[in-house]
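Novice: There's a structure below that I have some questions on.
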Number of protein chains: 2
Amino acid sequence: MDENRRVSIEVLFYPKTVAVIGATAERKFGQIAFENLLKNKGGIEVIPVNPKAETILGVKCYPSVKAISGKVDLAVVIVPAKIALQVVSECVEKGVKAVILISGGFSETGPEGKQLEEQVIKAIKGSKTRILGPNTLGVLMPRNAINTTFFPEDRFIKPRDGKIAFISQSGASAVAFMETATFYEVGFSAFVGLGNEADLTETDFIEYFAEDPGTSVICLYLEKISNGRRFLQVCRRVSKEKSLVVLKAGRTERGARAALSHTGSLAGFDKVADGAFKQYGIVRAIDETELLDYAVALAFQRPLPGDRIAVLTFGGGAGVIATDLIEASQHLRMADLPKNVKKKLRDVVAPFASVNNPVDTTGNITNEQVEKVLKILQEAEGVDGILTIMGLQSVYISLELVNLLVKWARHGSKPMVVVGLGVGLTLEAVRKL
Amino acid sequence: MDENRRVSIEVLFYPKTVAVIGATAERKFGQIAFENLLKNKGGIEVIPVNPKAETILGVKCYPSVKAISGKVDLAVVIVPAKIALQVVSECVEKGVKAVILISGGFSETGPEGKQLEEQVIKAIKGSKTRILGPNTLGVLMPRNAINTTFFPEDRFIKPRDGKIAFISQSGASAVAFMETATFYEVGFSAFVGLGNEADLTETDFIEYFAEDPGTSVICLYLEKISNGRRFLQVCRRVSKEKSLVVLKAGRTERGARAALSHTGSLAGFDKVADGAFKQYGIVRAIDETELLDYAVALAFQRPLPGDRIAVLTFGGGAGVIATDLIEASQHLRMADLPKNVKKKLRDVVAPFASVNNPVDTTGNITNEQVEKVLKILQEAEGVDGILTIMGLQSVYISLELVNLLVKWARHGSKPMVVVGLGVGLTLEAVRKL
């Protein structure tokens, strides 16, 4: 990738010195972003900039970024749109490598804002300063606790460290989706809110995370594609090494118009997106639940060698629903279990259980029986992957079942996904998986 | 409805005396169902029946239902399939009004089991004894803590009291779905696991709950329809008074085959189901998440007077996704906000917020502004219902927002649904809604 862009993106996640321009003594966004950044790990220096304050949260405040004596790698900017141009110009003069422009009021608001955005971009032309945003929450990196958002710590659950990089044209919504994922103990290598993408775009970040050893799945929420050709070329290359999952919103005409008000982008790409995504190795999700489900499955699983799925369930209804979803998906199908496999299963399960696919053991099953069934399915011909739908409501199963499932999911020869039914004990168990 | 069936169903939920035939001194299903029933509220007498025990959990045990001196309303039967026929015959002789036949091993297992099931049904012919099952978990009624399932109390979260009656051809899976609903503080007036429906069917229960003042939504998980004509006739009548939501599984051919192994039913009805459901006032769900979401929305909301939806969001991405889902749904569409409404909104929100539909206030909003926006949308011409997508991550909103949303959702002139983004504070808030 472009070396200047790579260096600037690196600075977003691993800065040495950060100036927070627009930090305030009042309980406003500018104070909260500053406070969040102060909590970073690894000795990153964070300096408030505001001509009207002496100190903020006990830290010496500077009137401008130029007044700071040492080098500044990264500037986080939360000022009204109309003074953003001057602030960015000063960052260029100071040699700041990256600016996170949190301020809104640019191309997402109409022609006047668009003009202002163009002026800001003109200000960095020819320099090594790159801009993330405007109209962005910036970045989160659990690994070193970098957090440029303006959400107070007591208001949201911060993501934990993991293997999923989340690149998003939405900020607040994406952070809320991550909160849900975090509740299920799913972790993230990084989050980037792209905002209006006046400079750095989704494709720059895909290229960056392709090279990040801590990232195995790149997960994108997109309302537009900045440069379709480059995006697809990069995805084709990256998808050979890492999993790419995309929620492309603005599918409908009204959705596309809503995207225009949101990040000032026209989501016209959609009609060809389905075909192109498939061709270039991108998994498409239709809502945020699918996006995170796919990302999690891909973060922990090898790719399927084929499309034939065996379903194991302790409750018949879930097995029938799963069968419908698999058969309707067009990517997967239900495996036909060979006669000898059915015979082996029959010897293990209760007489009224079903040994067809889905294998429905009913609740009348013990851990030992589950283990035997899984071994038979792992060894079965004609099965490429296993979906286990687990509930822990029945008394004959012990909670040790979770360790048994973890063992097979991690070390079985076939990819296995485990879905929990219910939220009590089962949720606790799923969190351990 | 048929008076004998009505009386027998009444007894399932409000018995005076229950015999648990197959209660055991061992930690098996028969003991757990007995133990669960002992915890009922309202002085219901529960008597264990087992020829091999003197007492079970300290309660005097009888060798057979006939040996019990007083009247028995309801028998819960957990015995091997091969002795079920004799047990049911004894219940008929005793004048038991309803039998919950939990035992599996009947038509769901093949021709031999089917024959056995037919014999059991023959045994009740001409009597006033009705059977729920076989192959069922039976019933749960939070109102009086009636619970015939064999899940130990420490293994699952019991449903709380509410307005949704859940009628299901799946037992274990449905209980797990309810567990998830309970986690979100959603309550149920009753749960019925139908099992094989050898006698009492889904339509009997629809008729029963149609007359239950505690039920406002009837929610069904079905793999087959026992008698299509009668089902649709009853639904047409009932849907004028109460909401009917159906998850009809076995949509695909393989799903239908899985249903055959599960409850011994052929799910051939599907191809005409979509049209018929729409015509007869039934809301169709495609998975368990939709089923519960629809049930919850209908339990708390009046019907929409039209299809034009206004979306209010604090985070743009969620607004775009919601727009896509609304426009793609074919039942709803995005409202066009009149110019004067947009002007009123513009006076309230931040300059960079969007006043088109979806209305995206951005995170830069206070409770007072949310209240003003809601008032404008409630009064707006051309809007039939409001979807509010709420996050509590931003500092300018206080948690009091929840009470404000409750007020508008309950007392606003237009139906309003609130969706939470994230799981921390927002989840706590959603639970209060």
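Ligands are numbered from 1 in the order shown, residues from 1 within each chain, and chains are lettered A, B, ... in the order they appear in the structure tokens.
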Please provide chain A as a short mmCIF file (atom, residue, chain, number, x, y, z; two decimals) with C-alpha atoms, in the first residue's frame, once it has been superposed on chain B by least squares across all sequentially paired Cα atoms.

Specialist:
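Output file superposed-v4.cif follows:
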```
data_model
loop_
_atom_site.label_atom_id
_atom_site.label_comp_id
_atom_site.auth_asym_id
_atom_site.auth_seq_id
_atom_site.Cartn_x
_atom_site.Cartn_y
_atom_site.Cartn_z
CA MET A 1 -65.38 -24.06 20.85
CA ASP A 2 -66.15 -27.70 21.71
CA GLU A 3 -67.15 -27.67 25.40
CA ASN A 4 -65.38 -30.93 26.34
CA ARG A 5 -62.14 -29.66 24.82
CA ARG A 6 -62.52 -26.27 26.52
CA VAL A 7 -63.00 -27.91 29.94
CA SER A 8 -60.01 -30.23 29.41
CA ILE A 9 -57.74 -27.37 28.34
CA GLU A 10 -58.89 -25.32 31.34
CA VAL A 11 -57.79 -28.23 33.53
CA LEU A 12 -54.30 -28.20 31.97
CA PHE A 13 -53.76 -24.67 33.30
CA TYR A 14 -56.00 -24.62 36.40
CA PRO A 15 -56.11 -28.16 37.82
CA LYS A 16 -57.14 -28.80 41.43
CA THR A 17 -55.49 -32.22 41.67
CA VAL A 18 -52.60 -33.45 39.52
CA ALA A 19 -51.27 -37.02 39.42
CA VAL A 20 -47.69 -37.37 38.18
CA ILE A 21 -47.58 -40.91 36.79
CA GLY A 22 -43.99 -42.04 36.50
CA ALA A 23 -42.70 -39.79 39.29
CA THR A 24 -39.48 -41.37 40.57
CA ALA A 25 -37.21 -41.31 43.59
CA GLU A 26 -34.23 -41.06 41.22
CA ARG A 27 -33.02 -37.78 39.70
CA LYS A 28 -34.78 -38.40 36.41
CA PHE A 29 -37.31 -36.50 34.29
CA GLY A 30 -40.18 -38.04 36.29
CA GLN A 31 -38.83 -36.62 39.52
CA ILE A 32 -38.09 -33.18 38.13
CA ALA A 33 -41.53 -32.70 36.57
CA PHE A 34 -43.04 -33.71 39.92
CA GLU A 35 -40.78 -31.31 41.82
CA ASN A 36 -41.62 -28.47 39.40
CA LEU A 37 -45.35 -29.10 39.87
CA LEU A 38 -45.01 -29.07 43.66
CA LYS A 39 -43.94 -25.44 43.39
CA ASN A 40 -47.28 -24.33 41.94
CA LYS A 41 -49.13 -21.38 43.44
CA GLY A 42 -52.72 -21.59 44.68
CA GLY A 43 -52.95 -24.83 46.63
CA ILE A 44 -52.97 -27.31 43.76
CA GLU A 45 -52.54 -30.86 45.11
CA VAL A 46 -49.83 -32.87 43.35
CA ILE A 47 -49.71 -36.65 43.86
CA PRO A 48 -46.91 -38.99 42.72
CA VAL A 49 -47.85 -42.32 41.13
CA ASN A 50 -45.33 -45.16 40.95
CA PRO A 51 -45.88 -48.81 41.98
CA LYS A 52 -42.24 -49.07 43.14
CA ALA A 53 -42.09 -46.15 45.62
CA GLU A 54 -43.65 -45.42 49.04
CA THR A 55 -42.99 -41.68 49.02
CA ILE A 56 -41.34 -39.30 46.58
CA LEU A 57 -39.79 -36.06 47.85
CA GLY A 58 -41.68 -36.74 51.08
CA VAL A 59 -45.10 -37.02 49.42
CA LYS A 60 -47.13 -40.25 49.71
CA CYS A 61 -46.95 -42.20 46.49
CA TYR A 62 -49.77 -44.31 44.94
CA PRO A 63 -49.29 -47.49 42.90
CA SER A 64 -51.76 -46.35 40.23
CA VAL A 65 -54.04 -43.41 39.46
CA LYS A 66 -57.02 -45.61 40.33
CA ALA A 67 -55.65 -46.12 43.84
CA ILE A 68 -56.00 -42.39 44.57
CA SER A 69 -59.14 -41.94 46.66
CA GLY A 70 -60.30 -38.43 45.61
CA LYS A 71 -60.89 -36.93 42.17
CA VAL A 72 -57.97 -36.34 39.80
CA ASP A 73 -58.34 -33.56 37.19
CA LEU A 74 -55.05 -33.85 35.39
CA ALA A 75 -52.48 -36.62 34.89
CA VAL A 76 -48.92 -35.84 33.84
CA VAL A 77 -47.51 -39.06 32.40
CA ILE A 78 -43.79 -39.85 32.07
CA VAL A 79 -43.56 -43.59 31.52
CA PRO A 80 -42.00 -45.71 28.75
CA ALA A 81 -44.15 -45.69 25.59
CA LYS A 82 -44.97 -49.36 25.86
CA ILE A 83 -46.87 -48.96 29.14
CA ALA A 84 -48.52 -45.65 28.21
CA LEU A 85 -51.60 -47.41 26.81
CA GLN A 86 -52.40 -49.04 30.14
CA VAL A 87 -51.78 -45.83 32.06
CA VAL A 88 -54.06 -43.81 29.77
CA SER A 89 -56.79 -46.47 30.04
CA GLU A 90 -56.65 -46.19 33.82
CA CYS A 91 -56.93 -42.40 33.55
CA VAL A 92 -60.08 -42.82 31.46
CA GLU A 93 -61.54 -45.18 34.08
CA LYS A 94 -60.67 -42.72 36.84
CA GLY A 95 -62.44 -39.89 34.95
CA VAL A 96 -59.29 -37.77 34.59
CA LYS A 97 -60.21 -34.78 32.38
CA ALA A 98 -56.81 -34.26 30.75
CA VAL A 99 -53.62 -36.27 30.30
CA ILE A 100 -50.29 -34.64 29.46
CA LEU A 101 -48.41 -37.46 27.77
CA ILE A 102 -44.77 -36.40 28.03
CA SER A 103 -43.44 -39.81 26.95
CA GLY A 104 -41.76 -40.01 23.53
CA GLY A 105 -41.55 -43.08 21.28
CA PHE A 106 -44.76 -42.68 19.29
CA SER A 107 -45.48 -41.54 15.71
CA GLU A 108 -42.27 -39.48 15.61
CA THR A 109 -40.27 -42.73 15.53
CA GLY A 110 -41.95 -44.57 12.61
CA PRO A 111 -44.76 -47.05 11.82
CA GLU A 112 -44.52 -49.04 15.05
CA GLY A 113 -44.75 -45.93 17.21
CA LYS A 114 -47.59 -44.64 15.07
CA GLN A 115 -49.57 -47.80 15.77
CA LEU A 116 -48.97 -47.41 19.50
CA GLU A 117 -50.17 -43.79 19.28
CA GLU A 118 -53.36 -44.91 17.51
CA GLN A 119 -54.04 -47.43 20.27
CA VAL A 120 -53.65 -44.75 22.94
CA ILE A 121 -56.10 -42.49 21.09
CA LYS A 122 -58.53 -45.39 20.75
CA ALA A 123 -58.40 -45.76 24.54
CA ILE A 124 -59.87 -42.28 25.10
CA LYS A 125 -62.54 -42.63 22.42
CA GLY A 126 -66.03 -41.91 23.73
CA SER A 127 -64.63 -40.64 27.05
CA LYS A 128 -64.26 -37.08 28.33
CA THR A 129 -60.51 -37.57 28.75
CA ARG A 130 -58.41 -35.48 26.37
CA ILE A 131 -54.68 -35.92 25.65
CA LEU A 132 -51.96 -33.31 25.16
CA GLY A 133 -49.07 -34.97 23.32
CA PRO A 134 -47.54 -37.51 23.25
CA ASN A 135 -43.92 -36.35 22.94
CA THR A 136 -44.60 -33.03 24.67
CA LEU A 137 -43.13 -30.93 27.48
CA GLY A 138 -46.67 -30.04 28.46
CA VAL A 139 -47.54 -26.63 29.79
CA LEU A 140 -46.14 -23.67 31.69
CA MET A 141 -48.30 -20.94 33.19
CA PRO A 142 -46.36 -18.23 35.04
CA ARG A 143 -49.58 -16.80 36.54
CA ASN A 144 -50.06 -19.78 38.91
CA ALA A 145 -46.61 -21.35 38.49
CA ILE A 146 -47.89 -24.48 36.78
CA ASN A 147 -44.87 -26.19 35.19
CA THR A 148 -44.97 -29.72 33.81
CA THR A 149 -41.54 -29.62 32.12
CA PHE A 150 -38.65 -31.83 33.18
CA PHE A 151 -36.07 -29.02 33.26
CA PRO A 152 -34.63 -28.44 36.76
CA GLU A 153 -35.15 -24.94 38.17
CA ASP A 154 -31.40 -24.28 38.25
CA ARG A 155 -31.15 -25.10 34.57
CA PHE A 156 -33.51 -22.63 33.03
CA ILE A 157 -35.04 -19.22 33.62
CA LYS A 158 -38.78 -19.63 33.98
CA PRO A 159 -40.98 -17.29 31.93
CA ARG A 160 -42.61 -14.38 33.72
CA ASP A 161 -46.28 -13.48 33.52
CA GLY A 162 -47.36 -11.45 30.50
CA LYS A 163 -49.77 -11.22 27.63
CA ILE A 164 -48.30 -13.61 25.06
CA ALA A 165 -49.64 -17.19 24.76
CA PHE A 166 -47.01 -19.38 23.10
CA ILE A 167 -48.37 -22.50 21.39
CA SER A 168 -45.62 -24.69 19.98
CA GLN A 169 -45.08 -27.96 18.16
CA SER A 170 -41.57 -27.86 19.61
CA GLY A 171 -41.03 -28.11 23.33
CA ALA A 172 -37.38 -27.73 24.30
CA SER A 173 -36.55 -25.17 21.61
CA ALA A 174 -39.60 -23.07 22.41
CA VAL A 175 -38.73 -23.04 26.11
CA ALA A 176 -35.24 -21.84 25.18
CA PHE A 177 -36.74 -19.07 23.00
CA MET A 178 -38.91 -18.01 25.94
CA GLU A 179 -35.81 -17.96 28.14
CA THR A 180 -34.33 -15.38 25.79
CA ALA A 181 -37.56 -13.36 25.87
CA THR A 182 -37.60 -13.51 29.65
CA PHE A 183 -34.10 -12.06 29.72
CA TYR A 184 -35.61 -8.99 28.02
CA GLU A 185 -38.41 -8.94 30.63
CA VAL A 186 -41.00 -10.13 28.14
CA GLY A 187 -43.78 -12.15 29.78
CA PHE A 188 -46.10 -14.98 28.77
CA SER A 189 -49.69 -15.81 29.75
CA ALA A 190 -49.01 -19.47 28.98
CA PHE A 191 -46.88 -21.94 27.07
CA VAL A 192 -48.18 -25.15 25.48
CA GLY A 193 -45.91 -27.74 23.92
CA LEU A 194 -48.20 -29.60 21.51
CA GLY A 195 -45.98 -32.60 20.79
CA ASN A 196 -47.48 -35.01 18.25
CA GLU A 197 -51.02 -33.55 18.56
CA ALA A 198 -52.61 -36.98 18.58
CA ASP A 199 -55.70 -35.42 20.18
CA LEU A 200 -55.61 -31.73 21.20
CA THR A 201 -54.29 -29.55 18.36
CA GLU A 202 -52.99 -26.05 17.82
CA THR A 203 -56.44 -24.88 16.73
CA ASP A 204 -58.02 -26.00 20.02
CA PHE A 205 -55.52 -23.84 21.89
CA ILE A 206 -56.00 -20.86 19.57
CA GLU A 207 -59.72 -21.05 20.35
CA TYR A 208 -58.99 -21.33 24.06
CA PHE A 209 -56.60 -18.37 24.25
CA ALA A 210 -58.94 -16.28 22.08
CA GLU A 211 -61.24 -16.32 25.11
CA ASP A 212 -58.51 -15.82 27.75
CA PRO A 213 -58.63 -12.21 28.99
CA GLY A 214 -54.95 -12.45 30.07
CA THR A 215 -53.78 -13.10 26.49
CA SER A 216 -53.51 -10.40 23.83
CA VAL A 217 -51.08 -12.05 21.40
CA ILE A 218 -51.20 -15.70 20.32
CA CYS A 219 -47.80 -16.80 19.11
CA LEU A 220 -47.35 -20.13 17.32
CA TYR A 221 -44.40 -22.29 16.31
CA LEU A 222 -45.79 -24.79 13.82
CA GLU A 223 -44.31 -27.54 11.67
CA LYS A 224 -47.66 -28.67 10.26
CA ILE A 225 -51.27 -27.53 10.36
CA SER A 226 -53.51 -30.32 11.67
CA ASN A 227 -56.62 -29.27 9.76
CA GLY A 228 -55.94 -26.40 7.36
CA ARG A 229 -59.55 -25.39 6.79
CA ARG A 230 -60.50 -25.29 10.48
CA PHE A 231 -57.22 -23.57 11.36
CA LEU A 232 -57.80 -20.75 8.88
CA GLN A 233 -61.45 -20.34 9.83
CA VAL A 234 -60.56 -20.03 13.50
CA CYS A 235 -57.65 -17.66 12.74
CA ARG A 236 -59.89 -15.40 10.63
CA ARG A 237 -62.30 -15.08 13.53
CA VAL A 238 -59.66 -14.73 16.26
CA SER A 239 -57.42 -12.28 14.36
CA LYS A 240 -60.16 -9.65 14.56
CA GLU A 241 -59.80 -9.59 18.34
CA LYS A 242 -56.21 -10.69 19.06
CA SER A 243 -52.88 -10.69 17.26
CA LEU A 244 -51.75 -13.98 15.74
CA VAL A 245 -48.05 -14.48 14.96
CA VAL A 246 -46.86 -17.71 13.35
CA LEU A 247 -43.44 -19.18 12.71
CA LYS A 248 -44.18 -21.92 10.19
CA ALA A 249 -41.11 -24.12 9.92
CA GLY A 250 -40.54 -26.78 7.30
CA ARG A 251 -40.52 -24.14 4.54
CA THR A 252 -37.95 -26.05 2.52
CA GLU A 253 -38.33 -29.67 1.47
CA ARG A 254 -35.53 -30.77 3.81
CA GLY A 255 -37.03 -28.71 6.61
CA ALA A 256 -40.34 -30.48 6.05
CA ARG A 257 -38.59 -33.85 6.22
CA ALA A 258 -36.90 -32.83 9.48
CA ALA A 259 -40.33 -31.94 10.85
CA LEU A 260 -41.46 -35.47 10.00
CA SER A 261 -38.77 -36.93 12.29
CA HIS A 262 -39.57 -34.39 14.95
CA THR A 263 -43.31 -34.60 15.46
CA GLY A 264 -44.26 -37.21 12.86
CA SER A 265 -45.94 -34.59 10.66
CA LEU A 266 -45.65 -33.75 6.98
CA ALA A 267 -45.21 -30.01 6.52
CA GLY A 268 -46.77 -29.89 3.05
CA PHE A 269 -48.93 -26.86 3.72
CA ASP A 270 -46.14 -24.38 3.15
CA LYS A 271 -46.59 -23.38 -0.46
CA VAL A 272 -50.01 -21.90 0.13
CA ALA A 273 -49.23 -20.71 3.65
CA ASP A 274 -47.88 -17.27 2.75
CA GLY A 275 -50.96 -16.20 0.86
CA ALA A 276 -53.40 -17.80 3.26
CA PHE A 277 -51.71 -16.27 6.31
CA LYS A 278 -51.91 -12.79 4.82
CA GLN A 279 -55.53 -13.25 3.88
CA TYR A 280 -56.56 -14.54 7.30
CA GLY A 281 -54.84 -11.88 9.39
CA ILE A 282 -51.82 -13.92 10.53
CA VAL A 283 -48.37 -12.32 10.86
CA ARG A 284 -45.68 -14.69 9.58
CA ALA A 285 -42.17 -14.88 11.08
CA ILE A 286 -39.25 -16.69 9.46
CA ASP A 287 -37.23 -17.49 12.56
CA GLU A 288 -37.57 -17.50 16.32
CA THR A 289 -36.12 -14.00 16.68
CA GLU A 290 -38.76 -12.55 14.37
CA LEU A 291 -41.47 -14.58 16.10
CA LEU A 292 -40.69 -13.10 19.50
CA ASP A 293 -40.02 -9.60 18.15
CA TYR A 294 -43.40 -9.52 16.43
CA ALA A 295 -45.15 -10.96 19.46
CA VAL A 296 -43.60 -8.37 21.76
CA ALA A 297 -44.36 -5.46 19.43
CA LEU A 298 -47.97 -6.60 19.09
CA ALA A 299 -48.34 -7.22 22.82
CA PHE A 300 -47.56 -3.60 23.59
CA GLN A 301 -48.79 -1.75 20.53
CA ARG A 302 -51.98 -0.80 18.84
CA PRO A 303 -52.13 -1.78 15.17
CA LEU A 304 -50.66 0.72 12.70
CA PRO A 305 -53.30 2.87 10.98
CA GLY A 306 -51.15 2.87 7.81
CA ASP A 307 -47.77 1.82 6.49
CA ARG A 308 -45.77 5.08 6.63
CA ILE A 309 -42.99 4.89 9.20
CA ALA A 310 -40.82 7.70 10.56
CA VAL A 311 -37.46 6.57 11.91
CA LEU A 312 -35.65 8.49 14.65
CA THR A 313 -32.06 7.56 15.38
CA PHE A 314 -29.02 8.91 17.24
CA GLY A 315 -26.63 7.00 14.98
CA GLY A 316 -26.73 7.20 11.18
CA GLY A 317 -25.79 3.60 10.36
CA ALA A 318 -28.71 2.15 12.27
CA GLY A 319 -31.01 4.56 10.44
CA VAL A 320 -29.78 3.41 7.04
CA ILE A 321 -30.13 -0.29 8.00
CA ALA A 322 -33.65 0.35 9.34
CA THR A 323 -34.57 2.16 6.12
CA ASP A 324 -33.39 -0.80 4.06
CA LEU A 325 -35.35 -3.26 6.22
CA ILE A 326 -38.52 -1.15 6.12
CA GLU A 327 -38.38 -0.58 2.37
CA ALA A 328 -37.55 -4.22 1.65
CA SER A 329 -40.32 -5.52 3.94
CA GLN A 330 -43.16 -4.93 1.45
CA HIS A 331 -45.51 -4.22 4.34
CA LEU A 332 -44.06 -0.88 5.43
CA ARG A 333 -42.53 2.14 3.76
CA MET A 334 -40.62 5.19 4.85
CA ALA A 335 -42.85 8.24 5.44
CA ASP A 336 -42.18 11.36 3.39
CA LEU A 337 -41.92 14.16 5.91
CA PRO A 338 -43.71 17.37 4.81
CA LYS A 339 -41.61 20.52 4.43
CA ASN A 340 -43.08 22.22 7.52
CA VAL A 341 -42.21 19.16 9.63
CA LYS A 342 -38.61 19.22 8.40
CA LYS A 343 -38.44 22.93 9.20
CA LYS A 344 -39.67 22.37 12.76
CA LEU A 345 -37.13 19.57 13.22
CA ARG A 346 -34.33 21.73 11.86
CA ASP A 347 -35.03 24.31 14.61
CA VAL A 348 -34.50 21.63 17.28
CA VAL A 349 -31.54 19.51 16.21
CA ALA A 350 -27.82 20.22 15.60
CA PRO A 351 -27.00 21.90 12.26
CA PHE A 352 -25.23 18.79 10.96
CA ALA A 353 -28.11 16.45 11.90
CA SER A 354 -30.42 15.09 9.19
CA VAL A 355 -34.12 16.05 9.23
CA ASN A 356 -35.06 13.79 6.36
CA ASN A 357 -36.54 10.43 7.22
CA PRO A 358 -34.63 8.72 8.92
CA VAL A 359 -34.23 11.65 11.28
CA ASP A 360 -30.64 11.28 12.45
CA THR A 361 -30.00 13.60 15.37
CA THR A 362 -26.43 12.28 15.76
CA GLY A 363 -25.19 11.71 19.31
CA ASN A 364 -25.19 15.48 19.80
CA ILE A 365 -28.63 15.57 21.43
CA THR A 366 -30.22 16.10 24.84
CA ASN A 367 -33.36 14.57 26.38
CA GLU A 368 -35.22 17.85 25.80
CA GLN A 369 -34.37 17.76 22.12
CA VAL A 370 -35.48 14.12 21.82
CA GLU A 371 -38.78 15.05 23.45
CA LYS A 372 -39.31 17.94 21.01
CA VAL A 373 -38.44 15.74 18.01
CA LEU A 374 -40.86 13.04 19.15
CA LYS A 375 -43.64 15.60 19.63
CA ILE A 376 -43.08 16.91 16.08
CA LEU A 377 -43.14 13.36 14.64
CA GLN A 378 -46.22 12.41 16.68
CA GLU A 379 -48.05 15.41 15.22
CA ALA A 380 -46.63 15.10 11.69
CA GLU A 381 -48.99 14.50 8.80
CA GLY A 382 -48.13 11.54 6.61
CA VAL A 383 -46.66 9.48 9.48
CA ASP A 384 -48.51 6.38 10.72
CA GLY A 385 -45.98 5.02 13.15
CA ILE A 386 -42.59 5.83 14.68
CA LEU A 387 -39.50 3.67 15.09
CA THR A 388 -37.06 5.10 17.63
CA ILE A 389 -33.58 3.60 17.65
CA MET A 390 -32.06 4.51 20.97
CA GLY A 391 -28.52 4.36 22.29
CA LEU A 392 -27.46 5.72 25.64
CA GLN A 393 -23.74 5.96 24.91
CA SER A 394 -23.68 9.75 24.55
CA VAL A 395 -23.17 11.99 27.55
CA TYR A 396 -25.74 14.67 26.68
CA ILE A 397 -28.63 12.22 27.04
CA SER A 398 -29.55 11.28 30.59
CA LEU A 399 -31.02 7.96 31.64
CA GLU A 400 -34.31 9.78 32.26
CA LEU A 401 -34.73 9.46 28.51
CA VAL A 402 -36.21 6.01 29.13
CA ASN A 403 -39.16 7.42 31.08
CA LEU A 404 -39.69 9.96 28.34
CA LEU A 405 -39.76 7.19 25.71
CA VAL A 406 -42.11 5.10 27.83
CA LYS A 407 -44.45 8.08 28.08
CA TRP A 408 -44.56 8.61 24.31
CA ALA A 409 -44.72 4.88 23.50
CA ARG A 410 -47.68 4.39 25.86
CA HIS A 411 -49.57 7.64 25.47
CA GLY A 412 -48.53 9.11 22.13
CA SER A 413 -51.28 9.24 19.52
CA LYS A 414 -49.22 7.18 17.06
CA PRO A 415 -47.83 3.68 17.69
CA MET A 416 -44.13 3.84 18.52
CA VAL A 417 -41.62 1.00 18.74
CA VAL A 418 -38.30 1.55 20.51
CA VAL A 419 -35.21 -0.46 19.60
CA GLY A 420 -32.05 -0.33 21.72
CA LEU A 421 -28.55 -0.12 20.31
CA GLY A 422 -25.96 -1.91 22.39
CA VAL A 423 -26.35 -3.87 25.59
CA GLY A 424 -24.89 -1.92 28.50
CA LEU A 425 -27.01 0.93 29.78
CA THR A 426 -29.25 0.59 26.75
CA LEU A 427 -30.21 -2.97 27.62
CA GLU A 428 -31.06 -1.95 31.16
CA ALA A 429 -33.18 0.83 29.72
CA VAL A 430 -34.92 -1.43 27.19
CA ARG A 431 -35.84 -3.81 29.99
CA LYS A 432 -37.69 -0.96 31.68
CA LEU A 433 -39.66 -0.15 28.55
#
```

Novice: Report as an NGL selection string: the residues of segment 36-169 of chain A with a DSSP assignment of strand (DSSP E), based on the backbone of this structure.

Specialist: :A and (45-49 or 55-56 or 59-60 or 74-77 or 98-101 or 130-132 or 139-141 or 146-147 or 160-168)

Novice: Could you please write out, as a ChimeraX atom specification, every residue of segment 78-148 of chain B that DSSP assigns to helix (DSSP H, G or I)?

Specialist: /B:81-94,107-109,111-124,142-144
